[in-house]
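What follows is the content of target_32.txt, which has compact mmCIF, C-alpha atoms and all ligand atoms:
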# COMPACT_ATOMS: atom_id res chain seq x y z
CA MET A 814 37.08 -22.06 52.48
CA ARG A 815 37.55 -18.32 52.38
CA GLU A 816 37.80 -17.05 48.82
CA VAL A 817 39.21 -13.81 47.45
CA ASP A 818 38.48 -13.62 43.74
CA LEU A 819 41.00 -11.23 42.21
CA ARG A 820 40.49 -12.31 38.57
CA SER A 821 38.37 -9.34 37.51
CA ASP A 822 35.71 -6.85 38.58
CA THR A 823 33.43 -8.72 36.16
CA VAL A 824 32.95 -11.41 38.86
CA THR A 825 30.90 -8.99 40.97
CA HIS A 826 27.37 -10.09 41.83
CA PRO A 827 24.36 -7.77 41.85
CA THR A 828 23.76 -6.12 45.22
CA PRO A 829 20.67 -7.00 47.33
CA GLU A 830 19.17 -3.63 46.33
CA MET A 831 19.72 -4.47 42.65
CA ARG A 832 18.04 -7.84 43.04
CA ARG A 833 14.99 -6.19 44.62
CA ALA A 834 14.85 -3.55 41.90
CA MET A 835 15.18 -6.25 39.24
CA ALA A 836 12.37 -8.32 40.70
CA GLU A 837 10.07 -5.33 40.78
CA ALA A 838 11.09 -3.67 37.50
CA GLU A 839 8.39 -2.39 35.19
CA VAL A 840 9.14 -3.74 31.72
CA GLY A 841 8.04 -3.52 28.08
CA ASP A 842 9.33 -4.43 24.62
CA ASP A 843 12.34 -2.23 24.00
CA VAL A 844 12.12 -2.70 20.21
CA PHE A 845 8.89 -0.67 20.46
CA GLY A 846 10.65 1.77 22.84
CA ASP A 847 8.26 0.49 25.48
CA ASP A 848 10.49 -0.49 28.37
CA PRO A 849 10.06 2.31 30.92
CA THR A 850 12.90 1.13 33.15
CA LEU A 851 15.41 1.00 30.31
CA ASN A 852 14.20 4.36 29.00
CA ARG A 853 14.88 5.78 32.45
CA LEU A 854 18.36 4.23 32.64
CA GLU A 855 19.29 5.53 29.19
CA ALA A 856 18.14 9.03 30.13
CA ILE A 857 20.09 8.91 33.41
CA ALA A 858 23.23 7.68 31.66
CA ALA A 859 23.05 10.30 28.89
CA LYS A 860 22.60 13.09 31.41
CA ARG A 861 25.38 11.82 33.65
CA MET A 862 27.74 11.64 30.66
CA GLY A 863 26.67 15.09 29.38
CA LYS A 864 25.38 13.67 26.08
CA GLU A 865 22.01 13.97 24.30
CA ALA A 866 21.17 10.28 24.16
CA ALA A 867 22.18 6.76 25.14
CA VAL A 868 21.54 3.17 24.10
CA PHE A 869 21.93 -0.02 26.12
CA VAL A 870 23.96 -2.91 24.70
CA ALA A 871 24.79 -6.40 25.90
CA SER A 872 28.49 -5.84 26.55
CA GLY A 873 31.39 -3.42 26.32
CA THR A 874 32.60 -5.26 23.25
CA MET A 875 29.22 -4.74 21.59
CA GLY A 876 29.25 -1.09 22.63
CA ASN A 877 32.64 -0.49 21.05
CA LEU A 878 31.75 -2.50 17.94
CA VAL A 879 28.46 -0.68 17.39
CA SER A 880 30.19 2.67 18.01
CA VAL A 881 32.99 1.99 15.55
CA LEU A 882 30.56 0.68 12.91
CA SER A 883 28.44 3.80 13.39
CA HIS A 884 31.46 6.06 12.81
CA ALA A 885 33.32 4.10 10.13
CA GLY A 886 32.49 2.09 7.01
CA ARG A 887 34.12 -0.55 4.83
CA GLY A 888 37.64 0.53 3.84
CA ASP A 889 37.85 3.08 6.64
CA GLU A 890 40.42 3.07 9.39
CA ILE A 891 40.37 3.64 13.15
CA ILE A 892 43.40 5.19 14.87
CA LEU A 893 43.94 3.74 18.34
CA GLY A 894 46.58 2.65 20.83
CA ASN A 895 48.47 -0.61 20.39
CA LYS A 896 47.28 -1.63 23.87
CA ALA A 897 43.65 -0.74 23.20
CA HIS A 898 41.05 -3.30 24.22
CA ILE A 899 39.29 -2.65 20.89
CA PHE A 900 42.46 -3.74 19.09
CA ARG A 901 43.66 -6.57 21.32
CA SER A 902 40.67 -8.09 23.04
CA GLU A 903 37.58 -7.81 20.87
CA ALA A 904 38.39 -10.50 18.29
CA GLY A 905 38.91 -7.92 15.56
CA GLY A 906 35.14 -7.33 15.38
CA ALA A 907 35.25 -3.99 13.60
CA SER A 908 37.33 -5.49 10.80
CA VAL A 909 35.49 -8.84 10.74
CA LEU A 910 32.03 -7.29 10.53
CA GLY A 911 32.65 -3.78 9.26
CA GLY A 912 35.71 -3.96 7.01
CA VAL A 913 37.33 -1.31 9.22
CA SER A 914 41.13 -1.57 9.58
CA PHE A 915 43.12 -0.79 12.71
CA HIS A 916 45.90 1.79 12.62
CA THR A 917 47.73 1.40 15.92
CA ILE A 918 50.18 3.82 17.48
CA PRO A 919 52.03 3.24 20.77
CA ASN A 920 50.28 3.76 24.09
CA ASP A 921 52.70 5.28 26.57
CA SER A 922 52.96 3.83 30.09
CA ARG A 923 50.20 6.11 31.32
CA GLY A 924 47.76 5.05 28.63
CA MET A 925 48.13 8.17 26.52
CA LEU A 926 48.82 8.53 22.79
CA ASP A 927 51.51 10.93 21.59
CA PRO A 928 49.65 13.78 19.80
CA ASP A 929 52.38 13.86 17.13
CA ASP A 930 51.77 10.16 16.42
CA VAL A 931 48.03 10.81 16.08
CA VAL A 932 48.64 13.65 13.62
CA ALA A 933 51.04 11.46 11.62
CA ALA A 934 48.57 8.56 11.57
CA PHE A 935 45.90 10.56 9.74
CA ARG A 936 45.69 9.53 6.09
CA PRO A 937 45.86 12.03 3.26
CA ASN A 938 43.06 12.03 0.72
CA ASP A 939 44.70 9.54 -1.62
CA VAL A 940 43.13 6.75 -3.64
CA HIS A 941 45.78 4.30 -2.41
CA GLN A 942 45.04 4.78 1.25
CA PRO A 943 42.24 3.86 3.61
CA ARG A 944 40.21 6.76 5.01
CA THR A 945 40.68 7.79 8.62
CA ALA A 946 37.17 7.71 10.08
CA VAL A 947 37.54 7.68 13.87
CA VAL A 948 40.10 8.01 16.65
CA ALA A 949 39.69 6.06 19.90
CA LEU A 950 41.01 6.46 23.44
CA GLU A 951 40.54 4.14 26.40
CA ASN A 952 39.88 5.46 29.91
CA THR A 953 40.83 3.88 32.23
CA GLN A 954 43.47 2.24 30.01
CA ASN A 955 43.26 -1.39 31.12
CA ALA A 956 46.56 -2.83 29.85
CA CYS A 957 48.49 0.27 30.98
CA GLY A 958 47.64 -0.47 34.61
CA GLY A 959 44.14 1.01 34.82
CA ALA A 960 45.73 4.32 33.88
CA VAL A 961 43.63 7.47 34.01
CA LEU A 962 43.41 10.04 31.21
CA THR A 963 42.59 13.56 32.35
CA PRO A 964 40.11 15.82 30.54
CA GLU A 965 43.16 17.70 29.19
CA ASP A 966 44.66 14.47 27.77
CA THR A 967 41.38 13.72 26.03
CA LYS A 968 41.03 17.25 24.71
CA ALA A 969 44.53 17.15 23.22
CA ILE A 970 43.58 14.13 21.09
CA ALA A 971 40.01 15.28 20.42
CA ASP A 972 41.25 18.62 19.05
CA ILE A 973 43.47 16.84 16.54
CA ALA A 974 40.58 14.63 15.42
CA HIS A 975 38.02 17.44 15.29
CA ASP A 976 40.37 19.73 13.32
CA ARG A 977 40.24 16.97 10.69
CA ASP A 978 36.42 16.50 10.88
CA THR A 979 36.90 13.14 12.54
CA PRO A 980 35.03 11.91 15.62
CA LEU A 981 36.63 10.74 18.87
CA HIS A 982 35.33 7.60 20.58
CA ILE A 983 36.18 6.71 24.17
CA ASP A 984 36.19 3.11 25.32
CA GLY A 985 35.17 4.05 28.84
CA ALA A 986 34.55 0.54 30.14
CA ARG A 987 35.87 1.81 33.51
CA ILE A 988 35.34 5.57 33.00
CA PHE A 989 33.69 5.83 36.42
CA ASN A 990 36.89 4.51 38.00
CA ALA A 991 38.74 7.32 36.21
CA ALA A 992 36.21 9.91 37.40
CA VAL A 993 36.48 8.72 41.00
CA ALA A 994 40.29 8.65 40.85
CA LEU A 995 40.35 12.23 39.53
CA GLU A 996 37.48 13.33 41.79
CA ALA A 997 35.93 14.87 38.68
CA PRO A 998 32.41 14.59 37.23
CA VAL A 999 32.38 11.85 34.60
CA ALA A 1000 30.90 14.34 32.09
CA GLU A 1001 34.21 16.26 32.26
CA LEU A 1002 36.02 13.17 31.05
CA ALA A 1003 33.50 12.56 28.28
CA LYS A 1004 33.15 16.20 27.21
CA ASP A 1005 35.32 16.12 24.11
CA ALA A 1006 34.23 12.67 22.94
CA ASP A 1007 31.62 12.19 20.21
CA SER A 1008 30.77 8.77 21.62
CA ILE A 1009 31.59 6.87 24.79
CA THR A 1010 30.80 3.38 26.04
CA PHE A 1011 30.90 2.29 29.65
CA CYS A 1012 30.32 -1.02 31.40
CA LEU A 1013 27.68 -1.58 34.07
CA SER A 1014 28.90 -5.14 34.57
CA LYS A 1015 32.37 -4.44 35.99
CA GLY A 1016 33.05 -2.34 39.08
CA LEU A 1017 29.44 -1.12 39.05
CA SER A 1018 28.42 -4.74 39.78
CA CYS A 1019 25.45 -5.16 37.45
CA PRO A 1020 24.91 -8.64 36.02
CA ILE A 1021 24.94 -7.56 32.36
CA GLY A 1022 25.25 -4.54 30.16
CA SER A 1023 27.00 -1.51 28.79
CA ILE A 1024 25.80 1.84 27.54
CA ILE A 1025 26.80 3.98 24.57
CA CYS A 1026 26.29 7.74 24.89
CA GLY A 1027 26.45 10.39 22.17
CA SER A 1028 24.37 12.82 20.12
CA GLU A 1029 20.76 12.01 19.14
CA ASP A 1030 21.87 11.38 15.55
CA PHE A 1031 24.75 9.17 16.56
CA ILE A 1032 22.62 7.10 18.92
CA SER A 1033 19.96 6.61 16.18
CA GLU A 1034 22.70 5.21 13.96
CA ALA A 1035 24.00 3.08 16.84
CA ARG A 1036 20.51 1.63 17.36
CA ARG A 1037 20.53 0.55 13.73
CA TRP A 1038 23.94 -1.14 14.07
CA ARG A 1039 22.89 -2.75 17.34
CA LYS A 1040 19.98 -4.27 15.41
CA ILE A 1041 22.33 -5.49 12.67
CA VAL A 1042 24.59 -7.30 15.13
CA GLY A 1043 21.57 -8.92 16.77
CA GLY A 1044 21.61 -6.81 19.90
CA SER A 1045 18.00 -5.58 20.06
CA MET A 1046 16.45 -5.92 23.47
CA ARG A 1047 13.02 -6.95 24.72
CA GLN A 1048 11.98 -6.76 28.42
CA VAL A 1049 15.41 -5.48 29.35
CA GLY A 1050 14.09 -3.41 32.25
CA ILE A 1051 14.94 -6.48 34.35
CA VAL A 1052 18.62 -5.70 33.90
CA ALA A 1053 18.25 -1.94 33.45
CA ALA A 1054 16.82 -1.78 36.98
CA ALA A 1055 20.22 -2.90 38.29
CA GLY A 1056 21.86 -0.20 36.18
CA ILE A 1057 19.74 2.51 37.80
CA VAL A 1058 20.79 1.29 41.24
CA ALA A 1059 24.41 1.30 40.06
CA MET A 1060 24.21 4.89 38.83
CA ASP A 1061 22.73 5.94 42.19
CA SER A 1062 24.81 3.99 44.64
CA MET A 1063 27.80 2.16 43.17
CA VAL A 1064 29.93 4.95 41.71
CA ASP A 1065 31.33 6.72 44.78
CA ARG A 1066 32.21 3.43 46.46
CA LEU A 1067 34.74 2.68 43.67
CA ALA A 1068 37.13 4.72 45.86
CA GLU A 1069 37.17 1.73 48.25
CA ASP A 1070 38.30 -0.54 45.41
CA HIS A 1071 41.07 1.91 44.59
CA ALA A 1072 42.19 2.04 48.24
CA ASN A 1073 42.17 -1.76 48.40
CA ALA A 1074 44.15 -1.94 45.15
CA ARG A 1075 46.73 0.44 46.59
CA LYS A 1076 46.95 -1.64 49.75
CA LEU A 1077 47.34 -4.84 47.70
CA ALA A 1078 50.02 -3.27 45.48
CA THR A 1079 51.96 -1.95 48.48
CA GLY A 1080 51.82 -5.36 50.18
CA LEU A 1081 52.86 -7.24 47.04
CA LYS A 1082 55.97 -5.07 46.83
CA ASP A 1083 57.44 -6.93 49.83
CA ILE A 1084 56.79 -10.42 48.45
CA PRO A 1085 59.81 -12.24 46.98
CA GLY A 1086 59.85 -12.26 43.16
CA VAL A 1087 57.32 -9.45 42.76
CA THR A 1088 58.18 -6.29 40.82
CA ILE A 1089 55.52 -3.63 41.12
CA ASP A 1090 55.19 0.14 41.10
CA PRO A 1091 52.11 0.99 43.19
CA GLU A 1092 52.35 4.66 42.13
CA SER A 1093 51.63 3.67 38.52
CA LEU A 1094 48.37 1.88 39.45
CA PRO A 1095 45.81 4.61 40.19
CA THR A 1096 42.57 2.61 40.05
CA ASN A 1097 41.44 -0.97 40.74
CA LEU A 1098 43.76 -2.91 38.39
CA VAL A 1099 46.95 -4.22 40.02
CA PHE A 1100 49.55 -5.32 37.47
CA PHE A 1101 52.90 -6.77 38.51
CA ASP A 1102 55.74 -8.91 37.19
CA LEU A 1103 56.41 -12.18 38.94
CA ASP A 1104 59.72 -14.02 38.89
CA HIS A 1105 58.98 -17.60 39.87
CA PRO A 1106 60.19 -20.95 38.51
CA ASP A 1107 56.68 -22.40 38.15
CA ARG A 1108 54.07 -19.68 37.77
CA ALA A 1109 51.37 -22.05 36.50
CA GLY A 1110 51.86 -24.27 39.54
CA LEU A 1111 51.90 -21.30 41.89
CA ALA A 1112 48.69 -19.93 40.40
CA ARG A 1113 47.09 -23.38 40.82
CA ARG A 1114 48.14 -23.64 44.48
CA LEU A 1115 46.91 -20.12 45.21
CA ASN A 1116 43.60 -20.91 43.57
CA GLU A 1117 43.33 -24.09 45.65
CA ARG A 1118 43.82 -21.87 48.71
CA GLY A 1119 41.04 -19.53 47.60
CA ILE A 1120 43.11 -16.73 46.05
CA LYS A 1121 41.73 -16.68 42.55
CA GLY A 1122 43.75 -15.24 39.68
CA GLY A 1123 47.26 -15.56 38.29
CA SER A 1124 48.52 -17.34 35.18
CA PRO A 1125 51.64 -18.86 33.62
CA ALA A 1126 52.57 -15.43 32.24
CA ARG A 1127 55.20 -13.22 33.85
CA ARG A 1128 52.80 -10.30 34.10
CA TRP A 1129 49.91 -10.89 36.50
CA ARG A 1130 46.82 -8.79 37.02
CA TYR A 1131 44.75 -8.74 40.19
CA VAL A 1132 41.55 -6.67 40.34
CA THR A 1133 39.73 -5.28 43.38
CA HIS A 1134 35.97 -4.81 43.40
CA TYR A 1135 32.70 -4.78 45.35
CA GLY A 1136 32.76 -7.77 47.68
CA ILE A 1137 36.48 -7.55 48.42
CA THR A 1138 37.21 -5.88 51.74
CA SER A 1139 40.34 -4.41 53.23
CA ASP A 1140 40.47 -7.49 55.48
CA ASP A 1141 40.34 -9.73 52.39
CA ILE A 1142 43.43 -7.94 51.08
CA ASP A 1143 45.33 -8.70 54.32
CA TYR A 1144 44.26 -12.32 54.03
CA ALA A 1145 45.21 -12.59 50.35
CA LEU A 1146 48.63 -11.05 50.98
CA ASP A 1147 49.23 -13.52 53.82
CA VAL A 1148 48.31 -16.50 51.66
CA ILE A 1149 50.37 -15.29 48.67
CA ASP A 1150 53.39 -14.53 50.85
CA SER A 1151 53.30 -17.82 52.75
CA THR A 1152 52.68 -19.89 49.61
CA ILE A 1153 55.67 -18.35 47.85
CA ARG A 1154 57.93 -18.63 50.92
CA GLU A 1155 56.98 -22.28 51.58
CA GLU A 1156 58.00 -23.11 48.04
CA ALA A 1157 61.30 -21.27 48.35
CA VAL A 1158 62.37 -23.55 51.23
C1 LIG B 1 36.05 -5.20 29.72
C2 LIG B 1 36.45 -4.18 28.72
C3 LIG B 1 35.74 -4.03 27.52
C4 LIG B 1 34.68 -5.00 27.06
O1 LIG B 1 33.67 -5.30 27.90
P1 LIG B 1 32.89 -6.70 27.82
O2 LIG B 1 31.65 -6.36 28.54
O3 LIG B 1 33.76 -7.68 28.52
O4 LIG B 1 32.67 -7.03 26.40
C5 LIG B 1 36.10 -3.01 26.69
N1 LIG B 1 37.11 -2.21 26.98
C6 LIG B 1 37.83 -2.32 28.10
C7 LIG B 1 38.93 -1.36 28.37
C8 LIG B 1 37.53 -3.32 29.00
O5 LIG B 1 38.27 -3.45 30.11
Turn the structure described in the file into structure tokens.
Amino acid sequence: MREVDLRSDTVTHPTPEMRRAMAEAEVGDDVFGDDPTLNRLEAIAAKRMGKEAAVFVASGTMGNLVSVLSHAGRGDEIILGNKAHIFRSEAGGASVLGGVSFHTIPNDSRGMLDPDDVVAAFRPNDVHQPRTAVVALENTQNACGGAVLTPEDTKAIADIAHDRDTPLHIDGARIFNAAVALEAPVAELAKDADSITFCLSKGLSCPIGSIICGSEDFISEARRWRKIVGGSMRQVGIVAAAGIVAMDSMVDRLAEDHANARKLATGLKDIPGVTIDPESLPTNLVFFDLDHPDRAGLARRLNERGIKGGSPARRWRYVTHYGITSDDIDYALDVIDSTIREEAV
């Protein structure tokens, strides 16, 4: 049966070129700094992001955790959006393991924080209060529809943080999607950040891995925290080889995923029960509201027909990625439309 897996861009498989590079990768023990393939990937990533150094970690969650722990200590606070992945979807790691508390302020519909809210969230130097140690943005902002922050958006928040001697972290799990959507070099988007993490394992299609970029000093500290959370690597060139291929050949093609997402969003608009604003979905994440008497059942029937995704919730998210073609979008729209209309009879 034909399958169109719209659950996430994390379902992407490594490309044939990645598999070849992985099979042939030169490797060494990364704890000794000996893995030449990983050293190359870290250098490529740092340069691409316009930072001095980079370190490979197992996941985006680990990248954010290690970054926050490197910036903030026990009793410190991180200012971030109430829809931030770090706040909502990382099991509270920074507070569980680092004693760092979360100070959330509202994300607006385009993923941005109100600069006035950020200013107001900073703590005065007062024995009663936690210390503000880091501010975080997310680009693209997942829960806000894969929203894109511009370099100017980032600078507005970075300036507030830097005026108060506080670093800015970017959760850039999908920063390359943002760069492609803006047709801007990714370094422009990272310029005002003191640290940034991005995922190799999502739209870039690698099997595993994320990278943290920042200054030499920051990355040394991050290596220490990576060790503490058990994230040291050995012959990781096997996976780094895929990352090098991704940096070379998987970034520009994200534009296809965005075009397919736009096509999917536009098609969904005409399906009964769907409320969607394609204009508010600039990258590869397609969020919509679904009015339907039995969403769990509908999701099950769609999955049985090969259209993977959906849930009992009113808000659904479909994600386009490498391996999903424009033709697959036509097919998925047909199946979704006919399944919903059959049930309406
Ligand atoms: C996926 C994601 C992460 C975490 O990545 P994992 O590799 O799944 O741990 C972090 N932030 C955002 C915005 C994400 O979408």
Which protein, DNA or RNA residues have an atom within 7 Å of ligand LIG 1 (chain B), counting all atoms listed in the file, as a ChimeraX atom specification? /A:872-875,898-899,951,953-955,984-987,1012,1014,1022-1023
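The space between atom CA of A:Val1148 and atom CA of A:Pro1091 spans 19.8 Å.
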For A:Thr967, work out the shell of residues within 9 Å, counting all atoms listed in the file and skipping chain neighbours fewer than 3 positions away, then give it as a PDB file with C-alpha atoms, in the coordinates of the input.
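This is the output file result_9.pdb:
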ATOM      1  CA  MET A 925      48.130   8.170  26.520  1.00  0.00           C
ATOM      2  CA  LEU A 950      41.010   6.460  23.440  1.00  0.00           C
ATOM      3  CA  LEU A 962      43.410  10.040  31.210  1.00  0.00           C
ATOM      4  CA  THR A 963      42.590  13.560  32.350  1.00  0.00           C
ATOM      5  CA  PRO A 964      40.110  15.820  30.540  1.00  0.00           C
ATOM      6  CA  ILE A 970      43.580  14.130  21.090  1.00  0.00           C
ATOM      7  CA  ALA A 971      40.010  15.280  20.420  1.00  0.00           C
ATOM      8  CA  ASP A 972      41.250  18.620  19.050  1.00  0.00           C
ATOM      9  CA  ILE A 983      36.180   6.710  24.170  1.00  0.00           C
ATOM     10  CA  LEU A1002      36.020  13.170  31.050  1.00  0.00           C
ATOM     11  CA  ALA A1003      33.500  12.560  28.280  1.00  0.00           C
ATOM     12  CA  LYS A1004      33.150  16.200  27.210  1.00  0.00           C
ATOM     13  CA  ASP A1005      35.320  16.120  24.110  1.00  0.00           C
ATOM     14  CA  ALA A1006      34.230  12.670  22.940  1.00  0.00           C
TER      15      ALA A1006
END
Pick from A:Ala1145, A:Leu1094, A:Leu1017, A:Met1046 nearest to A:Asp822, counting all atoms listed in the file: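 Of A:Ala1145, A:Leu1094, A:Leu1017, A:Met1046, the one nearest A:Asp822, counting all atoms listed in the file, is A:Leu1017.
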Enumerate, in order of chain and increasing residue number, the residues of stretch 953-1046 of chain A with an atom no farther than 10 Å from stretch 878-882 of chain A, each with its shortest atom pair and distance in Å to one decimal, counting only C-alpha atoms, as CSV.
residue,atom,partner,partner_atom,distance
A:His982,CA,A:Ser880,CA,7.6
A:Ile983,CA,A:Ser880,CA,9.5
A:Asp984,CA,A:Ser880,CA,9.5
A:Asp1007,CA,A:Ser880,CA,9.9
A:Ser1008,CA,A:Ser880,CA,7.1
A:Ile1009,CA,A:Ser880,CA,8.1
A:Thr1010,CA,A:Ser880,CA,8.1
A:Ile1025,CA,A:Ser880,CA,7.5
A:Cys1026,CA,A:Ser880,CA,9.4
A:Gly1027,CA,A:Ser880,CA,9.5
A:Phe1031,CA,A:Ser880,CA,8.6
A:Ile1032,CA,A:Ser880,CA,8.8
A:Glu1034,CA,A:Ser880,CA,8.9
A:Ala1035,CA,A:Val879,CA,5.9
A:Arg1036,CA,A:Val879,CA,8.3
A:Arg1037,CA,A:Val879,CA,8.8
A:Trp1038,CA,A:Val879,CA,5.6
A:Arg1039,CA,A:Val879,CA,5.9
A:Lys1040,CA,A:Val879,CA,9.4
A:Ile1041,CA,A:Val879,CA,9.1
A:Val1042,CA,A:Val879,CA,8.0
A:Gly1044,CA,A:Val879,CA,9.5
Mind writing the picked residues with C-alpha atoms as a PDB file, in the frame of the given file?
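Heads up, here's the output in part.pdb:
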ATOM      1  CA  HIS A 982      35.330   7.600  20.580  1.00  0.00           C
ATOM      2  CA  ILE A 983      36.180   6.710  24.170  1.00  0.00           C
ATOM      3  CA  ASP A 984      36.190   3.110  25.320  1.00  0.00           C
ATOM      4  CA  ASP A1007      31.620  12.190  20.210  1.00  0.00           C
ATOM      5  CA  SER A1008      30.770   8.770  21.620  1.00  0.00           C
ATOM      6  CA  ILE A1009      31.590   6.870  24.790  1.00  0.00           C
ATOM      7  CA  THR A1010      30.800   3.380  26.040  1.00  0.00           C
ATOM      8  CA  ILE A1025      26.800   3.980  24.570  1.00  0.00           C
ATOM      9  CA  CYS A1026      26.290   7.740  24.890  1.00  0.00           C
ATOM     10  CA  GLY A1027      26.450  10.390  22.170  1.00  0.00           C
ATOM     11  CA  PHE A1031      24.750   9.170  16.560  1.00  0.00           C
ATOM     12  CA  ILE A1032      22.620   7.100  18.920  1.00  0.00           C
ATOM     13  CA  GLU A1034      22.700   5.210  13.960  1.00  0.00           C
ATOM     14  CA  ALA A1035      24.000   3.080  16.840  1.00  0.00           C
ATOM     15  CA  ARG A1036      20.510   1.630  17.360  1.00  0.00           C
ATOM     16  CA  ARG A1037      20.530   0.550  13.730  1.00  0.00           C
ATOM     17  CA  TRP A1038      23.940  -1.140  14.070  1.00  0.00           C
ATOM     18  CA  ARG A1039      22.890  -2.750  17.340  1.00  0.00           C
ATOM     19  CA  LYS A1040      19.980  -4.270  15.410  1.00  0.00           C
ATOM     20  CA  ILE A1041      22.330  -5.490  12.670  1.00  0.00           C
ATOM     21  CA  VAL A1042      24.590  -7.300  15.130  1.00  0.00           C
ATOM     22  CA  GLY A1044      21.610  -6.810  19.900  1.00  0.00           C
TER      23      GLY A1044
END
Can you pull out the residues contacting stretch 1050-1065 of chain A? Cut-off 8 Å, using all atoms listed in the file, and skip same-chain residues under 4 positions away; I want them as a PyMOL selection string. chain A and resi 827+830-832+834-836+838-841+848-851+853-854+857-858+989-990+993+1013+1017-1022
How many Å lie between atom CA of A:Glu837 and atom CA of A:Phe869, rounded to one decimal? 19.6 Å
With distances taken over all atoms listed in the file, which residue among A:Lys896, A:Arg861, A:Arg887, A:Arg1108 lies nearest A:Gly911?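 The closest residue to A:Gly911 is A:Arg887.
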Identify the residues around (30.9, -8.8, 50.0) within a radius of 10 Å, measuring from only C-alpha atoms in the coordinates stated by the file, and give them as a list in words. Thr825, His826, Thr828, His1134, Tyr1135, Gly1136, Ile1137, Thr1138 and Asp1141 of chain A
Coordinates of box centre and edge lengths for stretch 995-1009 of chain A, 4 Å on every side, axis-aligned, as AutoDock Vina command-line options:
--center_x 35.6 --center_y 11.6 --center_z 31.0 --size_x 17.6 --size_y 17.4 --size_z 29.6
Using all atoms listed in the file, determine which residues lie at most 10 Å from A:His1105, disregarding the query and same-chain residues fewer than 4 positions distant; provide the list as number ranges by chain. A: 1085-1087, 1109-1111, 1125, 1127, 1153, 1156-1157
Atom pair atom CA of A:Asp842 + atom CA of A:Lys860, distance 23.0 Å
Which of these residues is nearest to A:Phe845, using all atoms listed in the file: A:Asp1140, A:Gln1048, A:Pro1095, A:Gly905?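 Selected residue with least distance to A:Phe845: A:Gln1048.
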